[in-house]
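Novice: This structure is in structure tokens; I'll ask about it shortly.
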Amino acid sequence: MTLSLRNCLLLRLPLARINSNKMPKARLASKALPSEREITSSEPNPGSEFSSGISVPEVRVFVRKKRARKAVQTSVNELKTEPLDQKLCSLPDIEDYAYGKANRFSELRTAITATEVSSMERKITPLIMSKEAPANWEKVLEGIHRMRSSEDAPVDSMGCEKAGSSLAPKERRFAVLVSSLLSSQTKDNVTHGAIQRLLQDGLLTPDAIDKVDEATIKNLIYPVGFYPKKAINLKKIAKICITKYDGDIPSTLEELLLLPGIGPKMAHLVMNVGWNNVQGICVDTHVHRICNRLGWVSRPGTKQKTSNPEETRKSLQLWLPREEWVSINPLLVGFGQTVCTPLRPRCGICSVSDLCPSAFKEASDPSPKGKKSNQSKKH
């Protein structure tokens, strides 16, 4: 009896070991697992107690507890509060693009107020307005002043800034605006004549132009360039001045540029003369041509000539002192009307030709030999 009981115990123990080896193993994780827990069976092992009532020693089994996987969630809203002024003008860190923080940067960027933007522009403007001035530009300007001292050019007596000089400030502003509109592609004496006819007929106010018919305006402003279109624009401008500005003209550059037929050159002239507010240089074809001949302006990042008056204005404003912005227009316009003319410039009488890179290069006075050769060919 004792021998059979012992054999049964030997058979039962390997069976328990086999069962424990077949248990599923827990997967290893990167972080430390919880400590092992010792599980002791409180119930008797089946087969460990026989009918004779003899008990068998308990079998202890060590089981690894499986770690429950927890979903890691990153809350986008849990962000540290930082002072707004510390992030407004700084570039985003590389971490700001992770976990949805890029939205936070965009929100901070849109929170910049108009006051802060204007203050930024004031800080940035001196950096942009830094271009090396051309060599000898002061000597050239002084020489042109001496040549223009007689003030015998048409612009000196019939320029747009002379329109309505005897009128009250409000009426004069409108007269300067009308003169600027008519001056496009038109000589000063023709523009001056049209302004004088409008003034004599009492049609140099917004109310009067709004009430008169378009045909009458056409007859009075003829022969200015594109007079039919300018008559239409003049009626539209008068209506806008009445409805939006109480019979006056716009007081900002942006609003002036919204008027039909008004470009940058005209808008800057009206701001300078009408409102005494200098926001830029008035550049027309004369200023554009002469500045390129002198080598004062160029396209951004190149040495090429500017292609239009607006490019010339931006390039000239990068280096020309602000106190010269108003006087440079009538100075160069008169110089272009009398000496530095569009065709066959009079370089022979120009006192600054030795400082001009374009001197005598565009002059094409026909020589007597050339005339004789042409005549011989005809015969």
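Letters for chains follow the order of the structure tokens (A, B, ...), residue numbers begin at 1 for each chain, and ligand numbers begin at 1 in the order shown.
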Got a sec: who's within 10 Å of stretch 224-226 of chain A, counting only C-alpha atoms, leaving out chain neighbours fewer than 5 positions off, as a ChimeraX atom specification?

Specialist: /A:182-194,218,231

Novice: Compile the contact shell of A:Thr243 as number ranges by chain: residues with an atom at most 12 Å away, counting only C-alpha atoms, same-chain residues fewer than 6 positions apart removed.

Specialist: A: 206-207, 210, 236-237, 249-250

Novice: Might you pull out every residue within 8 Å of A:Gly334, with only C-alpha atoms counted and same-chain residues fewer than 2 positions away left off, and present them as a PyMOL selection string?

Specialist: chain A and resi 148+151-156+330-332+336-338

Novice: For the selection you just gave me, I'd like the residues written to a file as a CSV table (one decimal), in the first residue's frame, keeping N, CA, C and O atoms.

Specialist:
chain,number,residue,atom,x,y,z
A,148,ARG,N,18.4,125.5,-63.7
A,148,ARG,CA,16.9,125.8,-63.6
A,148,ARG,C,16.6,127.0,-62.9
A,148,ARG,O,15.4,127.3,-62.5
A,151,GLU,N,13.9,129.5,-64.2
A,151,GLU,CA,12.5,129.0,-64.1
A,151,GLU,C,11.7,129.4,-65.3
A,151,GLU,O,10.6,130.0,-65.3
A,152,ASP,N,12.2,129.0,-66.5
A,152,ASP,CA,11.6,129.4,-67.7
A,152,ASP,C,10.9,128.2,-68.4
A,152,ASP,O,10.5,128.3,-69.6
A,153,ALA,N,10.8,127.1,-67.7
A,153,ALA,CA,10.1,125.9,-68.3
A,153,ALA,C,8.6,126.0,-68.1
A,153,ALA,O,8.1,126.7,-67.2
A,154,PRO,N,7.8,125.3,-69.0
A,154,PRO,CA,6.4,125.4,-68.9
A,154,PRO,C,5.8,124.9,-67.5
A,154,PRO,O,4.8,125.5,-67.1
A,155,VAL,N,6.5,124.0,-66.9
A,155,VAL,CA,6.0,123.5,-65.6
A,155,VAL,C,6.1,124.6,-64.5
A,155,VAL,O,5.3,124.5,-63.6
A,156,ASP,N,6.9,125.5,-64.7
A,156,ASP,CA,7.1,126.6,-63.7
A,156,ASP,C,5.9,127.5,-63.6
A,156,ASP,O,5.6,128.1,-62.6
A,330,PRO,N,9.3,119.0,-59.9
A,330,PRO,CA,9.3,120.2,-60.8
A,330,PRO,C,10.7,120.5,-61.3
A,330,PRO,O,10.9,121.0,-62.4
A,331,LEU,N,11.7,120.2,-60.5
A,331,LEU,CA,13.1,120.4,-60.9
A,331,LEU,C,13.5,119.6,-62.1
A,331,LEU,O,14.0,120.2,-63.1
A,332,LEU,N,13.2,118.3,-62.1
A,332,LEU,CA,13.6,117.4,-63.2
A,332,LEU,C,12.6,117.6,-64.4
A,332,LEU,O,13.0,117.4,-65.5
A,336,GLY,N,13.9,118.5,-68.0
A,336,GLY,CA,13.6,117.6,-69.1
A,336,GLY,C,12.9,118.4,-70.2
A,336,GLY,O,12.9,118.0,-71.4
A,337,GLN,N,12.2,119.5,-69.9
A,337,GLN,CA,11.5,120.2,-70.9
A,337,GLN,C,12.4,121.2,-71.7
A,337,GLN,O,12.2,121.6,-72.8
A,338,THR,N,13.5,121.5,-71.0
A,338,THR,CA,14.4,122.6,-71.6
A,338,THR,C,15.8,122.0,-72.1
A,338,THR,O,16.3,122.5,-73.1

Novice: Any chance you could tabulate, as a tab-separated table, the residues of stretch 205-284 of chain A at most 7 Å from stretch 302-316 of chain A with each one's nearest atom pair and distance in Å to one decimal, using only C-alpha atoms, in chain and rising number order?

Specialist:
residue	atom	partner	partner_atom	distance
A:Ile281	CA	A:Arg313	CA	6.1
A:Val283	CA	A:Pro309	CA	5.7
A:Asp284	CA	A:Pro309	CA	6.1

Novice: At what distance in Å, to one decimal, does atom CA of A:Val287 lie from atom CA of A:Leu269?

Specialist: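 Atom-to-atom, atom CA of A:Leu269 and atom CA of A:Val287 are spaced 13.3 Å apart.
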
Novice: Which neighbours of A:Lys239 fall inside 12 Å, counting only C-alpha atoms, when residues of the same chain fewer than 2 positions from it are skipped, and could you give them as a PDB file with N, CA and C atoms, in the first residue's frame?

Specialist:
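Output contents, as saved in out.pdb:
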ATOM      1  N   THR A 205     -15.777 122.676 -59.539  1.00  0.00           N
ATOM      2  CA  THR A 205     -16.207 122.152 -58.240  1.00  0.00           C
ATOM      3  C   THR A 205     -16.956 120.846 -58.470  1.00  0.00           C
ATOM      4  N   PRO A 206     -16.982 119.955 -57.482  1.00  0.00           N
ATOM      5  CA  PRO A 206     -17.685 118.679 -57.648  1.00  0.00           C
ATOM      6  C   PRO A 206     -19.166 118.846 -57.982  1.00  0.00           C
ATOM      7  N   ASP A 207     -19.842 119.801 -57.326  1.00  0.00           N
ATOM      8  CA  ASP A 207     -21.276 120.000 -57.565  1.00  0.00           C
ATOM      9  C   ASP A 207     -21.542 120.444 -59.005  1.00  0.00           C
ATOM     10  N   ALA A 208     -20.728 121.357 -59.492  1.00  0.00           N
ATOM     11  CA  ALA A 208     -20.946 121.876 -60.845  1.00  0.00           C
ATOM     12  C   ALA A 208     -20.694 120.801 -61.899  1.00  0.00           C
ATOM     13  N   ILE A 209     -19.639 120.021 -61.722  1.00  0.00           N
ATOM     14  CA  ILE A 209     -19.338 118.963 -62.692  1.00  0.00           C
ATOM     15  C   ILE A 209     -20.386 117.862 -62.641  1.00  0.00           C
ATOM     16  N   ASP A 210     -20.916 117.599 -61.465  1.00  0.00           N
ATOM     17  CA  ASP A 210     -21.930 116.552 -61.332  1.00  0.00           C
ATOM     18  C   ASP A 210     -23.229 116.942 -62.055  1.00  0.00           C
ATOM     19  N   LYS A 211     -23.531 118.221 -62.090  1.00  0.00           N
ATOM     20  CA  LYS A 211     -24.788 118.671 -62.690  1.00  0.00           C
ATOM     21  C   LYS A 211     -24.691 118.875 -64.202  1.00  0.00           C
ATOM     22  N   VAL A 212     -23.509 119.210 -64.705  1.00  0.00           N
ATOM     23  CA  VAL A 212     -23.365 119.496 -66.137  1.00  0.00           C
ATOM     24  C   VAL A 212     -23.320 118.194 -66.926  1.00  0.00           C
ATOM     25  N   ILE A 232     -15.593 111.221 -68.731  1.00  0.00           N
ATOM     26  CA  ILE A 232     -16.379 110.215 -67.989  1.00  0.00           C
ATOM     27  C   ILE A 232     -15.842 110.053 -66.578  1.00  0.00           C
ATOM     28  N   ASN A 233     -14.507 109.932 -66.451  1.00  0.00           N
ATOM     29  CA  ASN A 233     -13.901 109.777 -65.123  1.00  0.00           C
ATOM     30  C   ASN A 233     -14.106 111.007 -64.256  1.00  0.00           C
ATOM     31  N   LEU A 234     -14.101 112.165 -64.878  1.00  0.00           N
ATOM     32  CA  LEU A 234     -14.303 113.405 -64.123  1.00  0.00           C
ATOM     33  C   LEU A 234     -15.703 113.449 -63.507  1.00  0.00           C
ATOM     34  N   LYS A 235     -16.697 112.987 -64.247  1.00  0.00           N
ATOM     35  CA  LYS A 235     -18.057 112.922 -63.701  1.00  0.00           C
ATOM     36  C   LYS A 235     -18.133 111.927 -62.527  1.00  0.00           C
ATOM     37  N   LYS A 236     -17.470 110.799 -62.677  1.00  0.00           N
ATOM     38  CA  LYS A 236     -17.481 109.788 -61.613  1.00  0.00           C
ATOM     39  C   LYS A 236     -16.782 110.292 -60.357  1.00  0.00           C
ATOM     40  N   ILE A 237     -15.651 110.975 -60.543  1.00  0.00           N
ATOM     41  CA  ILE A 237     -14.911 111.500 -59.389  1.00  0.00           C
ATOM     42  C   ILE A 237     -15.743 112.547 -58.653  1.00  0.00           C
ATOM     43  N   CYS A 241     -16.783 112.350 -54.695  1.00  0.00           N
ATOM     44  CA  CYS A 241     -16.423 113.405 -53.740  1.00  0.00           C
ATOM     45  C   CYS A 241     -17.643 113.948 -53.010  1.00  0.00           C
ATOM     46  N   ILE A 242     -18.776 114.002 -53.699  1.00  0.00           N
ATOM     47  CA  ILE A 242     -20.001 114.518 -53.078  1.00  0.00           C
ATOM     48  C   ILE A 242     -20.577 113.516 -52.085  1.00  0.00           C
ATOM     49  N   THR A 243     -20.675 112.273 -52.500  1.00  0.00           N
ATOM     50  CA  THR A 243     -21.355 111.261 -51.679  1.00  0.00           C
ATOM     51  C   THR A 243     -20.503 110.759 -50.513  1.00  0.00           C
ATOM     52  N   LYS A 244     -19.192 110.681 -50.703  1.00  0.00           N
ATOM     53  CA  LYS A 244     -18.349 110.070 -49.677  1.00  0.00           C
ATOM     54  C   LYS A 244     -17.516 111.064 -48.881  1.00  0.00           C
ATOM     55  N   TYR A 245     -17.214 112.244 -49.455  1.00  0.00           N
ATOM     56  CA  TYR A 245     -16.275 113.147 -48.793  1.00  0.00           C
ATOM     57  C   TYR A 245     -16.830 114.554 -48.619  1.00  0.00           C
ATOM     58  N   ASP A 246     -18.146 114.690 -48.697  1.00  0.00           N
ATOM     59  CA  ASP A 246     -18.808 115.965 -48.439  1.00  0.00           C
ATOM     60  C   ASP A 246     -18.265 117.078 -49.335  1.00  0.00           C
ATOM     61  N   GLY A 247     -18.061 116.756 -50.606  1.00  0.00           N
ATOM     62  CA  GLY A 247     -17.596 117.752 -51.562  1.00  0.00           C
ATOM     63  C   GLY A 247     -16.099 117.961 -51.573  1.00  0.00           C
ATOM     64  N   ASP A 248     -15.368 117.289 -50.693  1.00  0.00           N
ATOM     65  CA  ASP A 248     -13.906 117.390 -50.670  1.00  0.00           C
ATOM     66  C   ASP A 248     -13.308 116.183 -51.389  1.00  0.00           C
ATOM     67  N   ILE A 249     -11.982 116.087 -51.412  1.00  0.00           N
ATOM     68  CA  ILE A 249     -11.326 114.965 -52.065  1.00  0.00           C
ATOM     69  C   ILE A 249     -10.795 114.002 -51.001  1.00  0.00           C
ATOM     70  N   LEU A 259      -9.855 106.178 -57.004  1.00  0.00           N
ATOM     71  CA  LEU A 259     -10.618 107.019 -57.925  1.00  0.00           C
ATOM     72  C   LEU A 259     -10.327 106.611 -59.370  1.00  0.00           C
ATOM     73  N   PRO A 260     -11.325 106.662 -60.246  1.00  0.00           N
ATOM     74  CA  PRO A 260     -11.101 106.261 -61.642  1.00  0.00           C
ATOM     75  C   PRO A 260     -10.141 107.204 -62.359  1.00  0.00           C
TER      76      PRO A 260
END

Novice: I need the alpha helix (DSSP H) residues of stretch 137-226 of chain A per DSSP on the backbone, written as a short mmCIF file (atom, residue, chain, number, x, y, z; two decimals) with N, CA, C and O atoms, in the first residue's frame.

Specialist:
data_model
loop_
_atom_site.label_atom_id
_atom_site.label_comp_id
_atom_site.auth_asym_id
_atom_site.auth_seq_id
_atom_site.Cartn_x
_atom_site.Cartn_y
_atom_site.Cartn_z
N TRP A 137 25.92 112.43 -56.83
CA TRP A 137 24.53 112.83 -57.06
C TRP A 137 24.28 114.25 -56.54
O TRP A 137 23.48 115.00 -57.14
N GLU A 138 24.96 114.65 -55.47
CA GLU A 138 24.76 116.00 -54.93
C GLU A 138 25.30 117.06 -55.89
O GLU A 138 24.69 118.13 -56.07
N LYS A 139 26.44 116.77 -56.53
CA LYS A 139 26.99 117.71 -57.50
C LYS A 139 26.07 117.83 -58.72
O LYS A 139 25.86 118.93 -59.25
N VAL A 140 25.53 116.70 -59.14
CA VAL A 140 24.61 116.73 -60.28
C VAL A 140 23.36 117.53 -59.95
O VAL A 140 22.89 118.37 -60.74
N LEU A 141 22.81 117.29 -58.76
CA LEU A 141 21.59 118.00 -58.35
C LEU A 141 21.85 119.50 -58.24
O LEU A 141 21.01 120.33 -58.64
N GLU A 142 23.00 119.85 -57.70
CA GLU A 142 23.34 121.27 -57.59
C GLU A 142 23.49 121.92 -58.96
O GLU A 142 23.06 123.07 -59.19
N GLY A 143 24.09 121.19 -59.89
CA GLY A 143 24.23 121.72 -61.26
C GLY A 143 22.89 121.91 -61.94
O GLY A 143 22.68 122.91 -62.66
N ILE A 144 21.96 120.97 -61.73
CA ILE A 144 20.62 121.11 -62.33
C ILE A 144 19.88 122.29 -61.71
O ILE A 144 19.17 123.03 -62.41
N HIS A 145 20.07 122.52 -60.41
CA HIS A 145 19.46 123.69 -59.77
C HIS A 145 19.95 124.98 -60.42
O HIS A 145 19.16 125.92 -60.63
N ARG A 146 21.23 125.05 -60.72
CA ARG A 146 21.77 126.26 -61.34
C ARG A 146 21.20 126.46 -62.74
O ARG A 146 20.86 127.59 -63.13
N MET A 147 21.08 125.38 -63.50
CA MET A 147 20.51 125.49 -64.84
C MET A 147 19.03 125.83 -64.82
O MET A 147 18.50 126.41 -65.79
N PRO A 154 7.85 125.32 -68.98
CA PRO A 154 6.38 125.37 -68.89
C PRO A 154 5.84 124.93 -67.53
O PRO A 154 4.83 125.47 -67.06
N VAL A 155 6.51 123.98 -66.89
CA VAL A 155 6.01 123.50 -65.60
C VAL A 155 6.05 124.58 -64.53
O VAL A 155 5.28 124.54 -63.55
N ASP A 156 6.93 125.55 -64.69
CA ASP A 156 7.07 126.58 -63.67
C ASP A 156 5.86 127.51 -63.60
O ASP A 156 5.61 128.13 -62.55
N SER A 157 5.11 127.61 -64.68
CA SER A 157 3.95 128.50 -64.68
C SER A 157 2.63 127.78 -64.97
O SER A 157 1.56 128.30 -64.66
N MET A 158 2.72 126.57 -65.53
CA MET A 158 1.49 125.87 -65.92
C MET A 158 1.43 124.43 -65.41
O MET A 158 0.65 123.63 -65.91
N PRO A 169 -8.74 126.63 -49.94
CA PRO A 169 -8.06 125.33 -49.85
C PRO A 169 -8.89 124.14 -50.34
O PRO A 169 -8.38 123.28 -51.07
N LYS A 170 -10.16 124.09 -49.99
CA LYS A 170 -11.00 122.96 -50.41
C LYS A 170 -11.19 122.95 -51.92
O LYS A 170 -11.07 121.89 -52.56
N GLU A 171 -11.47 124.11 -52.51
CA GLU A 171 -11.64 124.18 -53.95
C GLU A 171 -10.32 123.96 -54.69
O GLU A 171 -10.29 123.37 -55.78
N ARG A 172 -9.25 124.41 -54.08
CA ARG A 172 -7.95 124.24 -54.74
C ARG A 172 -7.56 122.76 -54.79
O ARG A 172 -6.97 122.28 -55.76
N ARG A 173 -7.86 122.02 -53.73
CA ARG A 173 -7.54 120.59 -53.73
C ARG A 173 -8.24 119.88 -54.88
O ARG A 173 -7.64 119.04 -55.57
N PHE A 174 -9.51 120.24 -55.11
CA PHE A 174 -10.23 119.61 -56.22
C PHE A 174 -9.65 120.05 -57.57
O PHE A 174 -9.55 119.24 -58.50
N ALA A 175 -9.22 121.30 -57.67
CA ALA A 175 -8.62 121.79 -58.92
C ALA A 175 -7.32 121.05 -59.23
O ALA A 175 -7.04 120.70 -60.38
N VAL A 176 -6.51 120.80 -58.19
CA VAL A 176 -5.25 120.06 -58.38
C VAL A 176 -5.54 118.62 -58.80
O VAL A 176 -4.85 118.05 -59.66
N LEU A 177 -6.59 118.03 -58.22
CA LEU A 177 -6.97 116.66 -58.59
C LEU A 177 -7.42 116.59 -60.05
O LEU A 177 -7.01 115.69 -60.79
N VAL A 178 -8.23 117.57 -60.48
CA VAL A 178 -8.70 117.60 -61.87
C VAL A 178 -7.52 117.83 -62.81
O VAL A 178 -7.41 117.18 -63.87
N SER A 179 -6.63 118.74 -62.45
CA SER A 179 -5.47 119.01 -63.29
C SER A 179 -4.58 117.78 -63.43
O SER A 179 -4.05 117.51 -64.52
N SER A 180 -4.42 117.04 -62.35
CA SER A 180 -3.61 115.81 -62.41
C SER A 180 -4.26 114.78 -63.32
O SER A 180 -3.57 114.09 -64.08
N LEU A 181 -5.58 114.67 -63.25
CA LEU A 181 -6.29 113.72 -64.11
C LEU A 181 -6.10 114.07 -65.58
O LEU A 181 -5.86 113.20 -66.42
N LEU A 182 -6.20 115.37 -65.92
CA LEU A 182 -6.10 115.79 -67.31
C LEU A 182 -4.67 115.79 -67.84
O LEU A 182 -4.45 115.76 -69.05
N SER A 183 -3.68 115.80 -66.94
CA SER A 183 -2.29 115.95 -67.37
C SER A 183 -1.70 114.69 -67.98
O SER A 183 -0.65 114.76 -68.64
N ASP A 188 1.87 120.43 -70.59
CA ASP A 188 1.43 121.34 -69.53
C ASP A 188 0.57 122.49 -70.05
O ASP A 188 -0.42 122.88 -69.41
N ASN A 189 0.94 123.05 -71.19
CA ASN A 189 0.17 124.19 -71.68
C ASN A 189 -1.24 123.79 -72.10
O ASN A 189 -2.21 124.56 -71.94
N VAL A 190 -1.41 122.56 -72.61
CA VAL A 190 -2.75 122.08 -72.98
C VAL A 190 -3.59 121.82 -71.73
O VAL A 190 -4.78 122.19 -71.66
N THR A 191 -2.98 121.22 -70.72
CA THR A 191 -3.70 120.97 -69.46
C THR A 191 -4.10 122.30 -68.80
O THR A 191 -5.23 122.45 -68.31
N HIS A 192 -3.18 123.22 -68.80
CA HIS A 192 -3.45 124.53 -68.18
C HIS A 192 -4.61 125.23 -68.88
O HIS A 192 -5.48 125.83 -68.22
N GLY A 193 -4.66 125.15 -70.20
CA GLY A 193 -5.77 125.77 -70.93
C GLY A 193 -7.11 125.15 -70.60
O GLY A 193 -8.12 125.86 -70.44
N ALA A 194 -7.15 123.83 -70.45
CA ALA A 194 -8.41 123.16 -70.10
C ALA A 194 -8.88 123.57 -68.71
O ALA A 194 -10.08 123.80 -68.48
N ILE A 195 -7.95 123.67 -67.77
CA ILE A 195 -8.31 124.08 -66.41
C ILE A 195 -8.85 125.51 -66.41
O ILE A 195 -9.83 125.82 -65.71
N GLN A 196 -8.25 126.38 -67.18
CA GLN A 196 -8.71 127.77 -67.25
C GLN A 196 -10.12 127.86 -67.82
O GLN A 196 -10.96 128.64 -67.34
N ARG A 197 -10.44 127.05 -68.81
CA ARG A 197 -11.79 127.07 -69.40
C ARG A 197 -12.83 126.54 -68.42
O ARG A 197 -13.94 127.08 -68.32
N LEU A 198 -12.48 125.48 -67.68
CA LEU A 198 -13.41 124.96 -66.67
C LEU A 198 -13.64 126.00 -65.57
O LEU A 198 -14.77 126.18 -65.08
N LEU A 199 -12.57 126.70 -65.20
CA LEU A 199 -12.69 127.71 -64.15
C LEU A 199 -13.53 128.89 -64.61
O LEU A 199 -14.37 129.42 -63.83
N GLN A 200 -13.38 129.32 -65.83
CA GLN A 200 -14.16 130.46 -66.35
C GLN A 200 -15.64 130.14 -66.44
O GLN A 200 -16.49 131.01 -66.22
N PRO A 206 -16.98 119.96 -57.48
CA PRO A 206 -17.69 118.68 -57.65
C PRO A 206 -19.17 118.85 -57.98
O PRO A 206 -19.71 118.13 -58.84
N ASP A 207 -19.84 119.80 -57.33
CA ASP A 207 -21.28 120.00 -57.56
C ASP A 207 -21.54 120.44 -59.00
O ASP A 207 -22.47 119.95 -59.66
N ALA A 208 -20.73 121.36 -59.49
CA ALA A 208 -20.95 121.88 -60.84
C ALA A 208 -20.69 120.80 -61.90
O ALA A 208 -21.47 120.66 -62.85
N ILE A 209 -19.64 120.02 -61.72
CA ILE A 209 -19.34 118.96 -62.69
C ILE A 209 -20.39 117.86 -62.64
O ILE A 209 -20.75 117.27 -63.67
N ASP A 210 -20.92 117.60 -61.46
CA ASP A 210 -21.93 116.55 -61.33
C ASP A 210 -23.23 116.94 -62.06
O ASP A 210 -23.93 116.07 -62.58
N LYS A 211 -23.53 118.22 -62.09
CA LYS A 211 -24.79 118.67 -62.69
C LYS A 211 -24.69 118.88 -64.20
O LYS A 211 -25.69 118.74 -64.91
N GLU A 214 -22.07 115.50 -69.88
CA GLU A 214 -20.75 115.00 -70.28
C GLU A 214 -20.24 115.69 -71.55
O GLU A 214 -19.02 115.92 -71.67
N ALA A 215 -21.12 115.99 -72.47
CA ALA A 215 -20.70 116.62 -73.72
C ALA A 215 -20.06 117.98 -73.48
O ALA A 215 -19.08 118.36 -74.15
N THR A 216 -20.61 118.73 -72.53
CA THR A 216 -20.05 120.05 -72.22
C THR A 216 -18.62 119.93 -71.69
O THR A 216 -17.74 120.72 -72.04
N ILE A 217 -18.40 118.93 -70.84
CA ILE A 217 -17.05 118.72 -70.28
C ILE A 217 -16.07 118.35 -71.40
O ILE A 217 -14.93 118.84 -71.43
N LYS A 218 -16.50 117.51 -72.32
CA LYS A 218 -15.64 117.12 -73.43
C LYS A 218 -15.21 118.34 -74.24
O LYS A 218 -14.04 118.48 -74.61
N ASN A 219 -16.15 119.22 -74.52
CA ASN A 219 -15.83 120.40 -75.32
C ASN A 219 -14.85 121.34 -74.60
O ASN A 219 -14.00 121.97 -75.23
N LEU A 220 -14.98 121.42 -73.28
CA LEU A 220 -14.13 122.33 -72.52
C LEU A 220 -12.71 121.80 -72.33
O LEU A 220 -11.76 122.59 -72.29
N ILE A 221 -12.55 120.49 -72.19
CA ILE A 221 -11.21 119.95 -71.92
C ILE A 221 -10.46 119.55 -73.19
O ILE A 221 -9.27 119.24 -73.14
#
